[in-house]
$ cat coords_17.txt   # compact mmCIF, C-alpha atoms
# COMPACT_ATOMS: atom_id res chain seq x y z
CA GLN A 1 25.45 45.96 10.01
CA VAL A 2 22.11 46.06 8.28
CA GLN A 3 20.29 42.87 7.45
CA LEU A 4 17.90 42.90 4.50
CA VAL A 5 15.34 40.25 3.65
CA GLU A 6 13.33 40.43 0.44
CA SER A 7 9.98 38.79 -0.19
CA GLY A 8 7.16 38.85 -2.70
CA GLY A 9 8.76 37.44 -5.81
CA GLY A 10 7.15 34.80 -7.95
CA LEU A 11 5.98 33.65 -11.37
CA VAL A 12 3.39 35.80 -13.13
CA GLN A 13 2.11 36.39 -16.61
CA ALA A 14 2.90 39.46 -18.64
CA GLY A 15 0.72 42.39 -17.65
CA ALA A 16 0.35 41.25 -14.06
CA SER A 17 1.50 43.02 -10.91
CA LEU A 18 3.74 42.05 -8.01
CA ARG A 19 4.74 43.82 -4.84
CA LEU A 20 8.18 43.20 -3.45
CA SER A 21 9.00 43.95 0.16
CA CYS A 22 12.29 44.31 1.97
CA ALA A 23 12.51 44.16 5.75
CA ALA A 24 15.54 45.77 7.35
CA SER A 25 17.05 45.26 10.77
CA GLY A 26 20.20 46.08 12.67
CA ARG A 27 20.61 49.84 12.33
CA THR A 28 18.45 52.96 12.25
CA PHE A 29 16.50 52.48 9.07
CA SER A 30 15.96 56.17 8.40
CA ASN A 31 19.72 56.67 8.14
CA TYR A 32 19.77 54.73 4.89
CA VAL A 33 18.93 55.30 1.29
CA MET A 34 17.15 52.23 -0.03
CA GLY A 35 17.36 50.84 -3.51
CA TRP A 36 16.20 47.98 -5.68
CA PHE A 37 18.44 46.43 -8.28
CA ARG A 38 17.95 43.40 -10.50
CA GLN A 39 20.14 40.94 -12.28
CA ALA A 40 19.17 38.63 -15.11
CA PRO A 41 21.29 35.62 -16.08
CA GLY A 42 24.40 36.68 -17.96
CA LYS A 43 23.78 40.38 -17.37
CA GLU A 44 25.16 43.00 -15.03
CA ARG A 45 23.26 44.17 -11.99
CA GLU A 46 20.85 46.88 -13.10
CA PHE A 47 19.42 49.81 -11.17
CA VAL A 48 15.63 49.64 -10.77
CA ALA A 49 14.58 52.24 -8.19
CA ALA A 50 15.76 54.10 -5.11
CA ILE A 51 14.28 56.25 -2.39
CA SER A 52 15.85 58.84 -0.13
CA TRP A 53 16.03 58.37 3.62
CA SER A 54 12.91 60.48 4.17
CA GLY A 55 10.98 59.15 1.22
CA GLY A 56 10.89 62.62 -0.27
CA ALA A 57 12.82 61.74 -3.39
CA THR A 58 12.54 58.74 -5.67
CA TYR A 59 14.57 57.59 -8.65
CA TYR A 60 13.78 55.07 -11.36
CA GLY A 61 15.54 53.27 -14.14
CA ASP A 62 14.33 54.15 -17.62
CA SER A 63 13.00 50.66 -18.26
CA VAL A 64 10.62 50.74 -15.28
CA LEU A 65 9.64 54.40 -15.15
CA GLY A 66 5.87 54.71 -15.05
CA ARG A 67 5.33 51.03 -14.19
CA PHE A 68 7.15 50.57 -10.85
CA THR A 69 6.76 52.55 -7.65
CA ILE A 70 9.13 52.50 -4.67
CA SER A 71 7.99 53.43 -1.19
CA ARG A 72 9.24 53.10 2.36
CA ASP A 73 7.85 52.97 5.88
CA ASN A 74 10.48 54.13 8.33
CA ALA A 75 8.34 53.17 11.32
CA LYS A 76 8.29 49.55 10.10
CA SER A 77 11.79 49.51 8.59
CA THR A 78 10.46 48.31 5.28
CA VAL A 79 10.74 49.29 1.65
CA HIS A 80 8.40 48.16 -1.10
CA LEU A 81 8.51 47.95 -4.86
CA GLN A 82 5.12 47.90 -6.55
CA MET A 83 5.56 46.46 -10.04
CA ASN A 84 2.74 46.87 -12.53
CA SER A 85 2.38 45.94 -16.19
CA LEU A 86 5.15 43.40 -15.89
CA LYS A 87 6.99 42.32 -19.01
CA PRO A 88 9.06 39.20 -19.74
CA GLU A 89 12.16 41.42 -19.79
CA ASP A 90 11.54 42.23 -16.12
CA THR A 91 12.50 38.65 -15.29
CA ALA A 92 15.45 38.73 -12.91
CA VAL A 93 16.57 38.31 -9.34
CA TYR A 94 15.62 41.47 -7.48
CA TYR A 95 17.88 42.74 -4.72
CA CYS A 96 17.17 45.19 -1.97
CA ALA A 97 20.09 47.43 -1.00
CA ALA A 98 20.89 50.01 1.67
CA GLY A 99 23.42 52.82 1.59
CA TYR A 100 24.25 55.28 4.36
CA ARG A 101 22.52 58.52 3.50
CA GLY A 102 25.59 60.65 4.20
CA GLN A 103 27.29 59.19 1.12
CA PHE A 104 24.70 60.36 -1.37
CA TYR A 105 26.06 63.79 -2.27
CA SER A 106 24.53 63.75 -5.71
CA GLY A 107 21.34 62.42 -7.23
CA THR A 108 23.42 60.36 -9.63
CA TYR A 109 24.77 58.31 -6.74
CA TYR A 110 21.38 56.70 -6.20
CA TYR A 111 21.75 54.83 -9.51
CA GLN A 112 25.14 53.34 -8.73
CA VAL A 113 25.81 49.97 -7.10
CA ARG A 114 29.02 51.20 -5.45
CA TRP A 115 27.22 53.47 -2.97
CA TYR A 116 25.14 50.73 -1.41
CA ASP A 117 26.74 49.00 1.54
CA TYR A 118 24.31 46.22 2.35
CA TRP A 119 22.45 43.78 0.14
CA GLY A 120 19.75 41.21 0.58
CA GLN A 121 19.86 37.70 -0.82
CA GLY A 122 17.45 38.49 -3.61
CA THR A 123 14.03 37.29 -4.70
CA GLN A 124 13.25 35.79 -8.09
CA VAL A 125 10.71 37.44 -10.36
CA THR A 126 9.72 35.53 -13.48
CA VAL A 127 7.34 36.99 -16.03
CA SER A 128 6.00 34.65 -18.68
CA SER A 129 4.77 35.82 -22.07
$ encode --input "coords_17.txt" --output "structure tokens"
Amino acid sequence: QVQLVESGGGLVQAGASLRLSCAASGRTFSNYVMGWFRQAPGKEREFVAAISWSGGATYYGDSVLGRFTISRDNAKSTVHLQMNSLKPEDTAVYYCAAGYRGQFYSGTYYYQVRWYDYWGQGTQVTVSS
């Protein structure tokens, strides 16, 4: 089992920045691909960003490309999501997720909910206009 705890959400104005963090425990952190997803009310869970087990590869959803940056620290078992130039449409609950790295045979897998085995409880991000 991997336990994930997100932090860093909050209420900000459009154009502001936030940094989300996710602390992992329970298994060897470097064995897992880490991802961030978000879900707004009435919408499906949406891919935001993901990072390979080594940190050498990153993936982003089209709506956040150029504004958000994912990073990880394997020594501290943490993953971060730096969110800049926030927009009202970024308002959602943000979830941290972990998937065993051996499952990710293709780059396309990083974007898909089904390959992530563990999920945090989520942290609310609200961006006002």
$ residues_around --input "coords_17.txt" --residues "segment 111-121 of chain A" --least-positions-apart "4" --cutoff "9 Å" --atoms "all atoms listed in the file" --output "ChimeraX atom specification"
/A:1-6,22,33-35,37,45-50,59-61,94-100,103-104,107
$ closest_residue --input "coords_17.txt" --among "A:Gln13, A:Ser21, A:Asn31, A:Thr126" --to "Ala92 of chain A" --atoms "only C-alpha atoms"
A:Thr126
$ axis_aligned_box --input "coords_17.txt" --around "segment 115-119 of chain A" --padding-each-side "6 Å" --output "AutoDock Vina command-line options"
--center_x 24.8 --center_y 48.6 --center_z -0.3 --size_x 16.8 --size_y 21.7 --size_z 17.3
$ atom_distance --input "coords_17.txt" --atom1 "atom CA of Ala57 of chain A" --atom2 "atom CA of Thr69 of chain A"
11.8 Å
$ closest_residue --input "coords_17.txt" --among "A:Ala40, A:Val125, A:Met83, A:Val12" --to "Phe68 of chain A" --atoms "all atoms listed in the file"
A:Met83
$ atom_distance --input "coords_17.txt" --atom1 "atom CA of Asp90 of chain A" --atom2 "atom CA of Lys76 of chain A"
27.4 Å
$ closest_residue --input "coords_17.txt" --among "A:Leu86, A:Tyr110, A:Ala16, A:Asn74" --to "Thr28 of chain A" --atoms "all atoms listed in the file"
A:Asn74
$ atom_distance --input "coords_17.txt" --atom1 "atom CA of Gly8 of chain A" --atom2 "atom CA of Gly26 of chain A"
21.4 Å
$ decode --input "coords_17.txt" --residues "segment 33-49 of chain A" --atoms "all heavy atoms" --output "PDB file, in the first residue's frame"
ATOM      1  N   VAL A  33       5.445   5.823 -10.657  1.00  0.00           N
ATOM      2  CA  VAL A  33       5.103   7.006 -11.436  1.00  0.00           C
ATOM      3  C   VAL A  33       4.126   7.822 -10.599  1.00  0.00           C
ATOM      4  O   VAL A  33       3.243   7.260  -9.942  1.00  0.00           O
ATOM      5  CB  VAL A  33       4.449   6.593 -12.767  1.00  0.00           C
ATOM      6  CG1 VAL A  33       3.794   7.785 -13.449  1.00  0.00           C
ATOM      7  CG2 VAL A  33       5.469   5.935 -13.676  1.00  0.00           C
ATOM      8  N   MET A  34       4.295   9.136 -10.632  1.00  0.00           N
ATOM      9  CA  MET A  34       3.413  10.004  -9.870  1.00  0.00           C
ATOM     10  C   MET A  34       2.655  10.933 -10.807  1.00  0.00           C
ATOM     11  O   MET A  34       3.216  11.450 -11.770  1.00  0.00           O
ATOM     12  CB  MET A  34       4.210  10.828  -8.857  1.00  0.00           C
ATOM     13  CG  MET A  34       4.967  10.003  -7.829  1.00  0.00           C
ATOM     14  SD  MET A  34       3.888   8.952  -6.839  1.00  0.00           S
ATOM     15  CE  MET A  34       2.879  10.187  -5.990  1.00  0.00           C
ATOM     16  N   GLY A  35       1.397  11.131 -10.491  1.00  0.00           N
ATOM     17  CA  GLY A  35       0.573  11.985 -11.324  1.00  0.00           C
ATOM     18  C   GLY A  35      -0.313  12.903 -10.502  1.00  0.00           C
ATOM     19  O   GLY A  35      -0.542  12.666  -9.311  1.00  0.00           O
ATOM     20  N   TRP A  36      -0.774  13.949 -11.153  1.00  0.00           N
ATOM     21  CA  TRP A  36      -1.778  14.844 -10.599  1.00  0.00           C
ATOM     22  C   TRP A  36      -2.980  14.846 -11.546  1.00  0.00           C
ATOM     23  O   TRP A  36      -2.810  14.989 -12.762  1.00  0.00           O
ATOM     24  CB  TRP A  36      -1.250  16.267 -10.458  1.00  0.00           C
ATOM     25  CG  TRP A  36      -0.268  16.466  -9.353  1.00  0.00           C
ATOM     26  CD1 TRP A  36       1.095  16.441  -9.445  1.00  0.00           C
ATOM     27  CD2 TRP A  36      -0.564  16.734  -7.976  1.00  0.00           C
ATOM     28  NE1 TRP A  36       1.660  16.665  -8.217  1.00  0.00           N
ATOM     29  CE2 TRP A  36       0.661  16.853  -7.295  1.00  0.00           C
ATOM     30  CE3 TRP A  36      -1.744  16.876  -7.243  1.00  0.00           C
ATOM     31  CZ2 TRP A  36       0.753  17.121  -5.931  1.00  0.00           C
ATOM     32  CZ3 TRP A  36      -1.651  17.134  -5.882  1.00  0.00           C
ATOM     33  CH2 TRP A  36      -0.429  17.251  -5.238  1.00  0.00           C
ATOM     34  N   PHE A  37      -4.137  14.694 -10.962  1.00  0.00           N
ATOM     35  CA  PHE A  37      -5.386  14.779 -11.689  1.00  0.00           C
ATOM     36  C   PHE A  37      -6.265  15.804 -10.975  1.00  0.00           C
ATOM     37  O   PHE A  37      -6.008  16.139  -9.815  1.00  0.00           O
ATOM     38  CB  PHE A  37      -6.085  13.419 -11.723  1.00  0.00           C
ATOM     39  CG  PHE A  37      -5.385  12.395 -12.567  1.00  0.00           C
ATOM     40  CD1 PHE A  37      -4.238  11.745 -12.114  1.00  0.00           C
ATOM     41  CD2 PHE A  37      -5.869  12.064 -13.825  1.00  0.00           C
ATOM     42  CE1 PHE A  37      -3.581  10.806 -12.888  1.00  0.00           C
ATOM     43  CE2 PHE A  37      -5.224  11.119 -14.606  1.00  0.00           C
ATOM     44  CZ  PHE A  37      -4.090  10.491 -14.140  1.00  0.00           C
ATOM     45  N   ARG A  38      -7.302  16.248 -11.639  1.00  0.00           N
ATOM     46  CA  ARG A  38      -8.236  17.168 -11.000  1.00  0.00           C
ATOM     47  C   ARG A  38      -9.662  16.846 -11.432  1.00  0.00           C
ATOM     48  O   ARG A  38      -9.886  16.266 -12.490  1.00  0.00           O
ATOM     49  CB  ARG A  38      -7.888  18.618 -11.336  1.00  0.00           C
ATOM     50  CG  ARG A  38      -8.072  19.006 -12.790  1.00  0.00           C
ATOM     51  CD  ARG A  38      -7.530  20.413 -13.035  1.00  0.00           C
ATOM     52  NE  ARG A  38      -7.742  20.844 -14.410  1.00  0.00           N
ATOM     53  CZ  ARG A  38      -7.260  21.968 -14.919  1.00  0.00           C
ATOM     54  NH1 ARG A  38      -6.516  22.788 -14.154  1.00  0.00           N
ATOM     55  NH2 ARG A  38      -7.519  22.309 -16.174  1.00  0.00           N
ATOM     56  N   GLN A  39     -10.577  17.236 -10.585  1.00  0.00           N
ATOM     57  CA  GLN A  39     -11.981  16.991 -10.877  1.00  0.00           C
ATOM     58  C   GLN A  39     -12.804  18.170 -10.398  1.00  0.00           C
ATOM     59  O   GLN A  39     -12.804  18.507  -9.210  1.00  0.00           O
ATOM     60  CB  GLN A  39     -12.457  15.697 -10.216  1.00  0.00           C
ATOM     61  CG  GLN A  39     -13.831  15.268 -10.652  1.00  0.00           C
ATOM     62  CD  GLN A  39     -14.123  13.831 -10.305  1.00  0.00           C
ATOM     63  OE1 GLN A  39     -13.463  13.224  -9.452  1.00  0.00           O
ATOM     64  NE2 GLN A  39     -15.098  13.239 -10.972  1.00  0.00           N
ATOM     65  N   ALA A  40     -13.506  18.770 -11.333  1.00  0.00           N
ATOM     66  CA  ALA A  40     -14.419  19.867 -11.029  1.00  0.00           C
ATOM     67  C   ALA A  40     -15.824  19.301 -10.861  1.00  0.00           C
ATOM     68  O   ALA A  40     -16.127  18.222 -11.379  1.00  0.00           O
ATOM     69  CB  ALA A  40     -14.382  20.895 -12.151  1.00  0.00           C
ATOM     70  N   PRO A  41     -16.696  19.997 -10.164  1.00  0.00           N
ATOM     71  CA  PRO A  41     -18.052  19.495  -9.952  1.00  0.00           C
ATOM     72  C   PRO A  41     -18.753  19.188 -11.265  1.00  0.00           C
ATOM     73  O   PRO A  41     -18.748  19.999 -12.196  1.00  0.00           O
ATOM     74  CB  PRO A  41     -18.744  20.652  -9.220  1.00  0.00           C
ATOM     75  CG  PRO A  41     -17.633  21.362  -8.525  1.00  0.00           C
ATOM     76  CD  PRO A  41     -16.461  21.268  -9.450  1.00  0.00           C
ATOM     77  N   GLY A  42     -19.316  17.996 -11.353  1.00  0.00           N
ATOM     78  CA  GLY A  42     -20.063  17.604 -12.532  1.00  0.00           C
ATOM     79  C   GLY A  42     -19.213  17.190 -13.717  1.00  0.00           C
ATOM     80  O   GLY A  42     -19.747  16.918 -14.792  1.00  0.00           O
ATOM     81  N   LYS A  43     -17.900  17.111 -13.512  1.00  0.00           N
ATOM     82  CA  LYS A  43     -17.013  16.748 -14.618  1.00  0.00           C
ATOM     83  C   LYS A  43     -16.218  15.490 -14.275  1.00  0.00           C
ATOM     84  O   LYS A  43     -16.089  15.122 -13.113  1.00  0.00           O
ATOM     85  CB  LYS A  43     -16.062  17.896 -14.940  1.00  0.00           C
ATOM     86  CG  LYS A  43     -16.754  19.146 -15.478  1.00  0.00           C
ATOM     87  CD  LYS A  43     -15.747  20.157 -15.960  1.00  0.00           C
ATOM     88  CE  LYS A  43     -16.436  21.358 -16.574  1.00  0.00           C
ATOM     89  NZ  LYS A  43     -15.455  22.357 -17.088  1.00  0.00           N
ATOM     90  N   GLU A  44     -15.684  14.872 -15.300  1.00  0.00           N
ATOM     91  CA  GLU A  44     -14.852  13.692 -15.100  1.00  0.00           C
ATOM     92  C   GLU A  44     -13.468  14.104 -14.584  1.00  0.00           C
ATOM     93  O   GLU A  44     -13.037  15.235 -14.763  1.00  0.00           O
ATOM     94  CB  GLU A  44     -14.702  12.932 -16.416  1.00  0.00           C
ATOM     95  CG  GLU A  44     -15.976  12.268 -16.896  1.00  0.00           C
ATOM     96  CD  GLU A  44     -15.742  11.378 -18.097  1.00  0.00           C
ATOM     97  OE1 GLU A  44     -14.617  11.357 -18.611  1.00  0.00           O
ATOM     98  OE2 GLU A  44     -16.689  10.689 -18.510  1.00  0.00           O
ATOM     99  N   ARG A  45     -12.813  13.121 -13.975  1.00  0.00           N
ATOM    100  CA  ARG A  45     -11.459  13.369 -13.500  1.00  0.00           C
ATOM    101  C   ARG A  45     -10.556  13.614 -14.705  1.00  0.00           C
ATOM    102  O   ARG A  45     -10.573  12.857 -15.681  1.00  0.00           O
ATOM    103  CB  ARG A  45     -10.968  12.187 -12.669  1.00  0.00           C
ATOM    104  CG  ARG A  45      -9.737  12.495 -11.865  1.00  0.00           C
ATOM    105  CD  ARG A  45      -9.561  11.514 -10.738  1.00  0.00           C
ATOM    106  NE  ARG A  45     -10.613  11.653  -9.715  1.00  0.00           N
ATOM    107  CZ  ARG A  45     -10.552  11.068  -8.520  1.00  0.00           C
ATOM    108  NH1 ARG A  45      -9.495  10.325  -8.198  1.00  0.00           N
ATOM    109  NH2 ARG A  45     -11.542  11.226  -7.665  1.00  0.00           N
ATOM    110  N   GLU A  46      -9.741  14.648 -14.619  1.00  0.00           N
ATOM    111  CA  GLU A  46      -8.940  15.108 -15.748  1.00  0.00           C
ATOM    112  C   GLU A  46      -7.450  15.004 -15.437  1.00  0.00           C
ATOM    113  O   GLU A  46      -7.016  15.399 -14.340  1.00  0.00           O
ATOM    114  CB  GLU A  46      -9.292  16.573 -16.056  1.00  0.00           C
ATOM    115  CG  GLU A  46      -8.466  17.234 -17.134  1.00  0.00           C
ATOM    116  CD  GLU A  46      -8.689  18.741 -17.217  1.00  0.00           C
ATOM    117  OE1 GLU A  46      -9.243  19.324 -16.258  1.00  0.00           O
ATOM    118  OE2 GLU A  46      -8.281  19.337 -18.229  1.00  0.00           O
ATOM    119  N   PHE A  47      -6.689  14.516 -16.387  1.00  0.00           N
ATOM    120  CA  PHE A  47      -5.245  14.458 -16.228  1.00  0.00           C
ATOM    121  C   PHE A  47      -4.656  15.867 -16.206  1.00  0.00           C
ATOM    122  O   PHE A  47      -5.004  16.707 -17.037  1.00  0.00           O
ATOM    123  CB  PHE A  47      -4.628  13.666 -17.381  1.00  0.00           C
ATOM    124  CG  PHE A  47      -3.131  13.717 -17.425  1.00  0.00           C
ATOM    125  CD1 PHE A  47      -2.382  12.948 -16.541  1.00  0.00           C
ATOM    126  CD2 PHE A  47      -2.472  14.534 -18.322  1.00  0.00           C
ATOM    127  CE1 PHE A  47      -0.992  12.985 -16.569  1.00  0.00           C
ATOM    128  CE2 PHE A  47      -1.093  14.580 -18.365  1.00  0.00           C
ATOM    129  CZ  PHE A  47      -0.348  13.808 -17.488  1.00  0.00           C
ATOM    130  N   VAL A  48      -3.727  16.100 -15.274  1.00  0.00           N
ATOM    131  CA  VAL A  48      -3.047  17.392 -15.169  1.00  0.00           C
ATOM    132  C   VAL A  48      -1.570  17.241 -15.529  1.00  0.00           C
ATOM    133  O   VAL A  48      -1.066  17.925 -16.421  1.00  0.00           O
ATOM    134  CB  VAL A  48      -3.180  17.978 -13.753  1.00  0.00           C
ATOM    135  CG1 VAL A  48      -2.373  19.270 -13.627  1.00  0.00           C
ATOM    136  CG2 VAL A  48      -4.642  18.229 -13.411  1.00  0.00           C
ATOM    137  N   ALA A  49      -0.870  16.362 -14.819  1.00  0.00           N
ATOM    138  CA  ALA A  49       0.568  16.205 -15.043  1.00  0.00           C
ATOM    139  C   ALA A  49       1.030  14.882 -14.451  1.00  0.00           C
ATOM    140  O   ALA A  49       0.381  14.334 -13.554  1.00  0.00           O
ATOM    141  CB  ALA A  49       1.348  17.350 -14.410  1.00  0.00           C
TER     142      ALA A  49
END
